[in-house]
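Read through the structure below, which is laid out as structure tokens, and then see the notes.
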Number of protein chains: 4
Amino acid sequence: MAGSKFAYVRNFELPDPLLPGTFMVLRIDGHAFHRLSAEHEFAKPNDERALQLMDHAARDVMNEFKDIVLAFGESDEYSFLFRKSTALYNRREAKILSTITSLFTSSYVYNWPTYLPGVPLKYCPSFDGRIVLYPSEQVVRDYFSWRQADTHINNLYNTVFWALVLQGGQTTTEAHATLRGTVSATKHEILFSRFGINYNELSARYRKGSVLVRTEVPEPEAVETQPSETNSQDQTSIPVVSDQGSRKKKSKPRTIIELLHCDIIGNDFWNSRPNILAD
Amino acid sequence: MAGSKFAYVRNFELPDPLLPGTFMVLRIDGHAFHRLSAEHEFAKPNDERALQLMDHAARDVMNEFKDIVLAFGESDEYSFLFRKSTALYNRREAKILSTITSLFTSSYVYNWPTYLPGVPLKYCPSFDGRIVLYPSEQVVRDYFSWRQADTHINNLYNTVFWALVLQGGQTTTEAHATLRGTVSATKHEILFSRFGINYNELSARYRKGSVLVRTEVPEPEAVETQPSETNSQDQTSIPVVSDQGSRKKKSKPRTIIELLHCDIIGNDFWNSRPNILAD
Amino acid sequence: MAGSKFAYVRNFELPDPLLPGTFMVLRIDGHAFHRLSAEHEFAKPNDERALQLMDHAARDVMNEFKDIVLAFGESDEYSFLFRKSTALYNRREAKILSTITSLFTSSYVYNWPTYLPGVPLKYCPSFDGRIVLYPSEQVVRDYFSWRQADTHINNLYNTVFWALVLQGGQTTTEAHATLRGTVSATKHEILFSRFGINYNELSARYRKGSVLVRTEVPEPEAVETQPSETNSQDQTSIPVVSDQGSRKKKSKPRTIIELLHCDIIGNDFWNSRPNILAD
Amino acid sequence: MAGSKFAYVRNFELPDPLLPGTFMVLRIDGHAFHRLSAEHEFAKPNDERALQLMDHAARDVMNEFKDIVLAFGESDEYSFLFRKSTALYNRREAKILSTITSLFTSSYVYNWPTYLPGVPLKYCPSFDGRIVLYPSEQVVRDYFSWRQADTHINNLYNTVFWALVLQGGQTTTEAHATLRGTVSATKHEILFSRFGINYNELSARYRKGSVLVRTEVPEPEAVETQPSETNSQDQTSIPVVSDQGSRKKKSKPRTIIELLHCDIIGNDFWNSRPNILAD
């Protein structure tokens, strides 16, 4: 074979298996999304269209990779939890990391026109990703609590900040100065007294982020309605039929991927969905 | 801070620096491109539009990441060589791997309509990637020789195979059987005697793959003409001005990214471009 | 500084932290101990002196490294379990692995004359080591079950084998042939019917291996009696006062390292010592 | 098999191959040798017996592992260079690291009484080790230059320091104060003017460290004289016949391991021994 004398270079490809029996979390982050949101004039403090596009890309990832049991998104990031015993690609780190980051990116660009129809993409958006191993259920829960607490902190800050700028007439420098050192209660107070905004009545999507889970459904005749999610109540769900289980055995329950905007720090979420942290 | 009690989970993010002083090659491969090419009716044995789209995505990656000194593409794969001393993202493996695979994917989807204008994408294409370290110039050269030898072997086989099928009326099963065990000379002979095809007169793009290099240009007034590469002679080049060196210092030479379809197994290519393997 | 222009070579020393929150097991194995035992005429099938020397070396390791909560030894190997949250050497793999393998080796050579007084060491014995991460209590227990089951299997085989050779007059080739394919019950039967040996009455040390644990003791006046362990009942223990807790705080309980030859596959051992798998 | 249901735990043992085509340096350091040297009253600033013991241990390592082409020792540390293409233990990091650190330790303890005959070891000395990969000849040379420059810096400091203390009657605190901020020339001057010591006439062993190399010898009748190295001229060598090449083929040249105390920063050493950095 003509290429055989060079094939020894394959020996430099070293194995990179991830520790078995351990939860993987793959987190994807937007690359330079400050610029992306500025150049495409995303609404402030939150652009619902852009967030829905992120959810769509995450859903596409979950539809393709059945061993993802939970995803959580906020702003320009999304975290995916794999079931502990997944053998996806023999747990090879680079393969899993690159394939899923690629698919997420692909879906983001592919579906951009659907969610931002009048806003042509000016250049290629990209994401980075990383895989972190968490050895126990407690650490996994603390990871997702960390991300949802971050969602809350950032959203509260941004909500007041942009109210000061867009409604209060402050410059961005002034708004940062106004907020410097303020505690959470003060920010709530500013929102309510100066702008008439009750923070807790804002869309749960903005306050809680996006939670994607698989839910069993009894009806076999559910119909795909994927991109139609528009309201923002807590616990609303979009019944999208995934193809999991629909091909091989009739006995396996049909599941859909649900989009929630609920609390995942407390116990209720996890107690009601024990499969997430099961094997 | 509300999230601080959970922030310990960051300790599970372990460092992943790549060995300094070593060449990195990042290779990107299409995920399930057999299906992609079938569903979008790519021409056989080679679809020039699809190959040009790959080249465009690779060029976008090189425009963004100045430490890439060479890229080589064939079929649905592309390899990127970084200069030995690159400090990109402090040589963190997951960051480099995921970011570049993502940007490549993004460009591929973004530019699809330009190269395949009448062929709407039916679903999201994706890629995987891997980074391999090569410690010496010789091994780097052997790596690229390995890929170009692979290009030749595959293209010769595919060219005869599809001639047998499309022109010779064989089924794909029959064509595989015809070719089983044949050496290179026999394949050349079949091509010439039965189909009048002189393999060595086929487009260099198909026989040699795509080579992207940076070339210094004297003229400061070059104009960007990126997506116009259409012919397929050896050594043709598309003068695209990269922004490297154009911002900071006037003294630094202006470079363009050239697309070549030349031999990279022999010494000529490397001797005439000593910067590629320099520090 | 004279050496400063060379100090950049330190950049090639890459970090190697082990995943937090995960149990480490470090297993040490004798290097070429077939030859060592032959050249120094170890008794067959078990040489109690050599096993005691292994136990002594393991005990020295546990005295030095307080985060080791359990050790298990058989033949020429010893496994050490660290508490899950250990921060020893910031969990740097090479540092932990090399230091402990070195100390074990040092103690083995240092104490050889005590345990094999009339047998001068003919050359330098050595060991290899490896660290394996186990993410859950169940896998840790299964690891130690695996080692103790191995002890049993090997000891039963070796006991019959050497009875056939030393008492039965078979050659080693004949003895292997006699045992080929035999199940456990057959081996028990051979031992009993041909040599009058009731396997279950053999020393627990040989059947169960050596288990080293830390046990709290109320008496502050215990006296060190380290190398005197000689009997081999189940659950016998050698009260050796470790220096843990004896220096800093009077309130911390004093612990000793106990040597047991007990079952560690069932639940009793673990239920009675919950600290081993606690944080 | 009784143990088979537990054997899955082996899946947690992950591969750890070191990058091919790259130089490995394994450096061993004494653990807490300040205490060891104090408790065993090593001579100051250098204890020749202890240094010879280190050399002996290093030589035992080189006799066992033929792919080590160079070793350099100073104080309580030793560095071993493997030939670039070594396939020792399939380049498994933990196996190589632990085995060699163990053998070095074993030899150190085993041979202690030979070198320090009237000084019984009070406890078990130990070492740590690490493996660092260096991708090019230049970095390998800079590594060894770094260590030898370190030898010089430390030895000059220690020589003046201990002259001030042992001959000059200063306390250690005073001696440190005397030397604080002094350059090399000042230290030479102090040594010469106050104590009549010409630094450059001190034993090359102390100024240059120990260099172990393999040298081809024509005579097949050389005799082992291993532990007799006592003088300390530059370039003196101890002809010890290694068993390399003596068993299999008569045609392969016989080599001995030579102990030198020569400069390895300049080109002469490397030019005269091209095999060290060859493949």
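Following the order of the structure tokens, chains are lettered A, B, ..., residues in each are numbered from 1, and ligands are numbered from 1.
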With chain B as the partner and 7 Å as the cut-off, tabulate the residues of chain D that qualify, each row holding the nearest pair of atoms and their distance in Å to one decimal, using only C-alpha atoms, sorted by chain and rising number, as CSV.
```
residue,atom,partner,partner_atom,distance
D:Gly21,CA,B:Pro135,CA,6.5
D:Thr22,CA,B:Pro135,CA,6.3
D:Pro135,CA,B:Pro135,CA,5.2
```
Point to revise | DSSP-assigned strand (DSSP E) members of stretch 19-241 of chain C, reported as a PyMOL selection string | key: chain C and resi 23-30+68-74+77-82+127-134+210-217+240-241
Prev. selection, N, CA and C atoms, output as an mmCIF file, in the first residue's frame:
```cif
data_model
loop_
_atom_site.group_PDB
_atom_site.id
_atom_site.type_symbol
_atom_site.label_atom_id
_atom_site.label_comp_id
_atom_site.auth_asym_id
_atom_site.auth_seq_id
_atom_site.Cartn_x
_atom_site.Cartn_y
_atom_site.Cartn_z
ATOM 1 N N PHE C 23 -12.255 7.998 45.102
ATOM 2 C CA PHE C 23 -11.349 7.146 45.866
ATOM 3 C C PHE C 23 -10.138 6.771 45.023
ATOM 4 N N MET C 24 -8.955 6.885 45.606
ATOM 5 C CA MET C 24 -7.742 6.394 44.943
ATOM 6 C C MET C 24 -7.362 5.066 45.568
ATOM 7 N N VAL C 25 -6.998 4.123 44.725
ATOM 8 C CA VAL C 25 -6.353 2.909 45.203
ATOM 9 C C VAL C 25 -4.978 2.838 44.554
ATOM 10 N N LEU C 26 -3.969 2.711 45.381
ATOM 11 C CA LEU C 26 -2.607 2.527 44.872
ATOM 12 C C LEU C 26 -2.224 1.067 45.117
ATOM 13 N N ARG C 27 -1.946 0.364 44.028
ATOM 14 C CA ARG C 27 -1.556 -1.043 44.180
ATOM 15 C C ARG C 27 -0.094 -1.213 43.817
ATOM 16 N N ILE C 28 0.618 -1.853 44.720
ATOM 17 C CA ILE C 28 2.048 -2.130 44.541
ATOM 18 C C ILE C 28 2.223 -3.620 44.278
ATOM 19 N N ASP C 29 3.017 -3.935 43.276
ATOM 20 C CA ASP C 29 3.283 -5.341 42.927
ATOM 21 C C ASP C 29 4.782 -5.606 42.907
ATOM 22 N N GLY C 30 5.176 -6.768 43.377
ATOM 23 C CA GLY C 30 6.580 -7.150 43.303
ATOM 24 C C GLY C 30 7.026 -7.333 41.859
ATOM 25 N N ILE C 68 -4.430 7.204 54.241
ATOM 26 C CA ILE C 68 -4.713 5.819 53.837
ATOM 27 C C ILE C 68 -5.579 5.194 54.923
ATOM 28 N N VAL C 69 -6.749 4.714 54.511
ATOM 29 C CA VAL C 69 -7.707 4.210 55.496
ATOM 30 C C VAL C 69 -7.820 2.691 55.496
ATOM 31 N N LEU C 70 -7.242 2.059 54.507
ATOM 32 C CA LEU C 70 -7.333 0.606 54.415
ATOM 33 C C LEU C 70 -6.210 0.121 53.521
ATOM 34 N N ALA C 71 -5.654 -1.047 53.876
ATOM 35 C CA ALA C 71 -4.691 -1.684 52.975
ATOM 36 C C ALA C 71 -4.994 -3.165 52.942
ATOM 37 N N PHE C 72 -4.767 -3.765 51.781
ATOM 38 C CA PHE C 72 -4.979 -5.201 51.652
ATOM 39 C C PHE C 72 -3.804 -5.814 50.911
ATOM 40 N N GLY C 73 -3.234 -6.878 51.508
ATOM 41 C CA GLY C 73 -2.073 -7.503 50.893
ATOM 42 C C GLY C 73 -2.249 -8.994 50.703
ATOM 43 N N GLU C 74 -1.635 -9.485 49.652
ATOM 44 C CA GLU C 74 -1.567 -10.927 49.401
ATOM 45 C C GLU C 74 -0.332 -11.142 48.564
ATOM 46 N N GLU C 77 1.840 -8.440 46.538
ATOM 47 C CA GLU C 77 1.150 -7.197 46.185
ATOM 48 C C GLU C 77 0.466 -6.589 47.405
ATOM 49 N N TYR C 78 0.260 -5.286 47.358
ATOM 50 C CA TYR C 78 -0.458 -4.579 48.426
ATOM 51 C C TYR C 78 -1.238 -3.436 47.809
ATOM 52 N N SER C 79 -2.504 -3.289 48.230
ATOM 53 C CA SER C 79 -3.358 -2.210 47.744
ATOM 54 C C SER C 79 -3.649 -1.238 48.895
ATOM 55 N N PHE C 80 -3.565 0.052 48.606
ATOM 56 C CA PHE C 80 -3.825 1.078 49.611
ATOM 57 C C PHE C 80 -4.999 1.955 49.171
ATOM 58 N N LEU C 81 -5.961 2.098 50.066
ATOM 59 C CA LEU C 81 -7.113 2.956 49.785
ATOM 60 C C LEU C 81 -6.967 4.280 50.527
ATOM 61 N N PHE C 82 -7.083 5.381 49.791
ATOM 62 C CA PHE C 82 -7.063 6.713 50.408
ATOM 63 C C PHE C 82 -8.495 7.175 50.662
ATOM 64 N N PHE C 127 9.567 -2.984 43.104
ATOM 65 C CA PHE C 127 8.113 -3.058 42.963
ATOM 66 C C PHE C 127 7.668 -2.071 41.890
ATOM 67 N N ASP C 128 6.536 -2.365 41.300
ATOM 68 C CA ASP C 128 5.907 -1.314 40.517
ATOM 69 C C ASP C 128 4.615 -0.914 41.211
ATOM 70 N N GLY C 129 4.047 0.197 40.772
ATOM 71 C CA GLY C 129 2.820 0.683 41.389
ATOM 72 C C GLY C 129 1.938 1.322 40.353
ATOM 73 N N ARG C 130 0.680 1.444 40.697
ATOM 74 C CA ARG C 130 -0.257 2.170 39.831
ATOM 75 C C ARG C 130 -1.346 2.748 40.713
ATOM 76 N N ILE C 131 -1.931 3.823 40.273
ATOM 77 C CA ILE C 131 -3.055 4.419 40.989
ATOM 78 C C ILE C 131 -4.286 4.286 40.103
ATOM 79 N N VAL C 132 -5.357 3.776 40.676
ATOM 80 C CA VAL C 132 -6.618 3.677 39.947
ATOM 81 C C VAL C 132 -7.664 4.454 40.741
ATOM 82 N N LEU C 133 -8.494 5.199 40.028
ATOM 83 C CA LEU C 133 -9.558 5.966 40.670
ATOM 84 C C LEU C 133 -10.863 5.187 40.626
ATOM 85 N N TYR C 134 -11.541 5.143 41.769
ATOM 86 C CA TYR C 134 -12.848 4.493 41.827
ATOM 87 C C TYR C 134 -13.858 5.506 42.344
ATOM 88 N N SER C 210 -4.007 -10.155 54.064
ATOM 89 C CA SER C 210 -3.773 -9.249 55.189
ATOM 90 C C SER C 210 -4.563 -7.974 55.003
ATOM 91 N N VAL C 211 -5.243 -7.579 56.078
ATOM 92 C CA VAL C 211 -6.059 -6.365 56.062
ATOM 93 C C VAL C 211 -5.521 -5.425 57.129
ATOM 94 N N LEU C 212 -5.143 -4.220 56.719
ATOM 95 C CA LEU C 212 -4.677 -3.234 57.701
ATOM 96 C C LEU C 212 -5.697 -2.117 57.796
ATOM 97 N N VAL C 213 -6.154 -1.863 59.021
ATOM 98 C CA VAL C 213 -7.135 -0.800 59.256
ATOM 99 C C VAL C 213 -6.700 0.029 60.455
ATOM 100 N N ARG C 214 -7.268 1.216 60.550
ATOM 101 C CA ARG C 214 -7.027 2.055 61.726
ATOM 102 C C ARG C 214 -8.178 1.858 62.714
ATOM 103 N N THR C 215 -7.835 1.624 63.953
ATOM 104 C CA THR C 215 -8.856 1.404 64.978
ATOM 105 C C THR C 215 -8.616 2.372 66.128
ATOM 106 N N GLU C 216 -9.681 3.002 66.586
ATOM 107 C CA GLU C 216 -9.554 3.908 67.729
ATOM 108 C C GLU C 216 -9.358 3.097 69.007
ATOM 109 N N VAL C 217 -8.498 3.587 69.836
ATOM 110 C CA VAL C 217 -8.279 2.907 71.111
ATOM 111 C C VAL C 217 -8.424 3.921 72.237
ATOM 112 N N VAL C 240 -0.457 -1.552 67.460
ATOM 113 C CA VAL C 240 0.673 -0.656 67.244
ATOM 114 C C VAL C 240 0.138 0.765 67.291
ATOM 115 N N VAL C 241 0.687 1.561 68.148
ATOM 116 C CA VAL C 241 0.211 2.934 68.260
ATOM 117 C C VAL C 241 0.773 3.739 67.105
#
```
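Residues lying within 12 Å of C:Gly118, counting only C-alpha atoms and ignoring same-chain neighbours fewer than 6 positions away, are C:His40, C:Glu41, C:Arg49, C:Trp112.
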Could you please take those selected residues and save N, CA and C atoms as a PDB file, in the first residue's frame?
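Contents of out22.pdb, as written:
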```pdb
ATOM      1  N   HIS C  40      15.842 -16.888  46.962  1.00  0.00           N
ATOM      2  CA  HIS C  40      15.963 -16.808  48.420  1.00  0.00           C
ATOM      3  C   HIS C  40      15.192 -17.922  49.116  1.00  0.00           C
ATOM      4  N   GLU C  41      14.816 -18.921  48.337  1.00  0.00           N
ATOM      5  CA  GLU C  41      14.207 -20.146  48.858  1.00  0.00           C
ATOM      6  C   GLU C  41      13.041 -19.898  49.798  1.00  0.00           C
ATOM      7  N   ARG C  49       7.290 -15.609  56.672  1.00  0.00           N
ATOM      8  CA  ARG C  49       8.238 -14.517  56.946  1.00  0.00           C
ATOM      9  C   ARG C  49       8.134 -13.429  55.870  1.00  0.00           C
ATOM     10  N   TRP C 112      14.127  -6.453  55.742  1.00  0.00           N
ATOM     11  CA  TRP C 112      14.379  -7.839  55.307  1.00  0.00           C
ATOM     12  C   TRP C 112      15.139  -8.650  56.367  1.00  0.00           C
TER      13      TRP C 112
END
```
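Among the candidate residues D:Ile153, D:Ala175, D:Ala38, D:Leu116, the one lying nearest to D:Gln52 is D:Leu116, with distances computed using only C-alpha atoms.
Pairwise distance (atom CA of D:Arg254, atom CA of D:Phe269) equals 20.7 Å.
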Exercise for review: Would you mind listing what lies within 12 Å of D:Gln148 as a PyMOL selection string, with only C-alpha atoms counted and same-chain residues fewer than 6 positions away left out?
Suggested key: (chain C and resi 2-4+6-7) or (chain D and resi 71-75+77-79+141-142+154-155+204-211+261-266)
With N, CA, C and O atoms retained, export the selected residues as a compact mmCIF listing (two decimals), in the first residue's frame.
```txt
# COMPACT_ATOMS: atom_id res chain seq x y z
N ALA C 2 22.91 32.12 37.05
CA ALA C 2 23.59 31.36 36.00
C ALA C 2 22.65 30.40 35.29
O ALA C 2 22.74 30.19 34.09
N GLY C 3 21.72 29.79 36.04
CA GLY C 3 20.89 28.77 35.43
C GLY C 3 19.62 29.29 34.80
O GLY C 3 18.86 28.53 34.23
N SER C 4 19.39 30.60 34.85
CA SER C 4 18.06 31.08 34.51
C SER C 4 17.72 30.90 33.05
O SER C 4 16.55 30.73 32.70
N PHE C 6 18.19 28.45 31.27
CA PHE C 6 17.75 27.09 31.02
C PHE C 6 16.45 26.74 31.74
O PHE C 6 15.85 25.71 31.49
N ALA C 7 16.04 27.64 32.66
CA ALA C 7 14.93 27.26 33.55
C ALA C 7 13.61 27.09 32.82
O ALA C 7 12.67 26.50 33.36
N ALA D 71 22.79 9.60 32.66
CA ALA D 71 22.22 9.97 33.96
C ALA D 71 23.07 11.08 34.54
O ALA D 71 24.29 11.14 34.30
N PHE D 72 22.41 11.96 35.27
CA PHE D 72 23.14 13.05 35.92
C PHE D 72 22.66 13.19 37.35
O PHE D 72 21.45 13.29 37.60
N GLY D 73 23.62 13.21 38.28
CA GLY D 73 23.25 13.30 39.69
C GLY D 73 23.95 14.44 40.41
O GLY D 73 25.08 14.81 40.08
N GLU D 74 23.26 14.99 41.36
CA GLU D 74 23.83 16.00 42.27
C GLU D 74 23.04 15.91 43.55
O GLU D 74 21.85 15.63 43.53
N SER D 75 23.74 16.13 44.68
CA SER D 75 23.05 16.16 45.96
C SER D 75 22.14 14.93 46.09
O SER D 75 22.60 13.80 45.92
N GLU D 77 19.49 14.13 44.20
CA GLU D 77 18.64 13.93 43.02
C GLU D 77 19.43 13.25 41.90
O GLU D 77 20.66 13.36 41.83
N TYR D 78 18.72 12.57 41.02
CA TYR D 78 19.32 11.93 39.85
C TYR D 78 18.32 12.00 38.69
O TYR D 78 17.13 11.75 38.88
N SER D 79 18.84 12.37 37.51
CA SER D 79 18.01 12.43 36.31
C SER D 79 18.47 11.36 35.32
O SER D 79 19.67 11.22 35.09
N ARG D 141 19.27 19.00 25.99
CA ARG D 141 20.55 19.60 26.43
C ARG D 141 20.31 20.72 27.43
O ARG D 141 21.04 20.84 28.42
N ASP D 142 19.32 21.54 27.19
CA ASP D 142 19.04 22.62 28.14
C ASP D 142 18.58 22.09 29.50
O ASP D 142 18.86 22.68 30.54
N ASN D 154 24.46 25.85 43.73
CA ASN D 154 24.26 25.34 45.08
C ASN D 154 25.59 25.02 45.76
O ASN D 154 25.78 25.29 46.95
N ASN D 155 26.50 24.41 44.99
CA ASN D 155 27.74 23.99 45.62
C ASN D 155 28.60 25.19 46.02
O ASN D 155 29.21 25.20 47.09
N ALA D 204 36.04 17.85 41.36
CA ALA D 204 35.11 18.03 40.25
C ALA D 204 33.76 17.39 40.56
O ALA D 204 32.72 17.84 40.09
N ARG D 205 33.75 16.35 41.33
CA ARG D 205 32.49 15.72 41.73
C ARG D 205 31.55 16.75 42.35
O ARG D 205 30.35 16.78 42.04
N TYR D 206 32.11 17.61 43.22
CA TYR D 206 31.24 18.57 43.90
C TYR D 206 30.84 19.71 42.98
O TYR D 206 29.75 20.24 43.07
N ARG D 207 31.77 20.10 42.10
CA ARG D 207 31.50 21.26 41.25
C ARG D 207 30.66 20.90 40.02
O ARG D 207 29.88 21.72 39.53
N LYS D 208 30.79 19.68 39.53
CA LYS D 208 30.15 19.30 38.26
C LYS D 208 29.05 18.26 38.41
O LYS D 208 28.32 18.00 37.45
N GLY D 209 28.94 17.65 39.56
CA GLY D 209 27.99 16.55 39.69
C GLY D 209 28.52 15.28 39.06
O GLY D 209 29.68 15.22 38.63
N SER D 210 27.64 14.29 38.99
CA SER D 210 28.02 12.97 38.47
C SER D 210 27.31 12.71 37.15
O SER D 210 26.11 12.90 37.05
N VAL D 211 28.08 12.23 36.19
CA VAL D 211 27.56 11.95 34.86
C VAL D 211 27.81 10.47 34.57
O VAL D 211 28.95 10.01 34.63
N HIS D 261 32.86 13.35 35.90
CA HIS D 261 32.47 14.59 36.59
C HIS D 261 32.89 15.74 35.70
O HIS D 261 33.75 16.54 36.06
N CYS D 262 32.30 15.78 34.53
CA CYS D 262 32.75 16.71 33.49
C CYS D 262 31.66 17.71 33.14
O CYS D 262 30.50 17.56 33.53
N ASP D 263 32.05 18.70 32.39
CA ASP D 263 31.09 19.68 31.91
C ASP D 263 30.14 19.06 30.89
O ASP D 263 30.59 18.39 29.95
N ILE D 264 28.83 19.30 31.07
CA ILE D 264 27.87 18.83 30.07
C ILE D 264 27.06 20.00 29.50
O ILE D 264 26.07 19.79 28.81
N ILE D 265 27.49 21.21 29.81
CA ILE D 265 26.80 22.39 29.27
C ILE D 265 27.36 22.75 27.88
O ILE D 265 26.60 23.08 26.98
N GLY D 266 28.65 22.66 27.72
CA GLY D 266 29.26 22.96 26.42
C GLY D 266 29.01 21.87 25.39
O GLY D 266 28.36 20.85 25.68
```
Exercise for review: Step one, run DSSP on the backbone; step two, keep only residues of stretch 118-181 of chain D assigned to alpha helix (DSSP H); then write them as a ChimeraX atom specification.
Suggested key: /D:137-162,172-179
Review point. Any idea what the distance is between atom CA of A:Ser102 and atom CA of B:Ser126?
Key: 5.4 Å
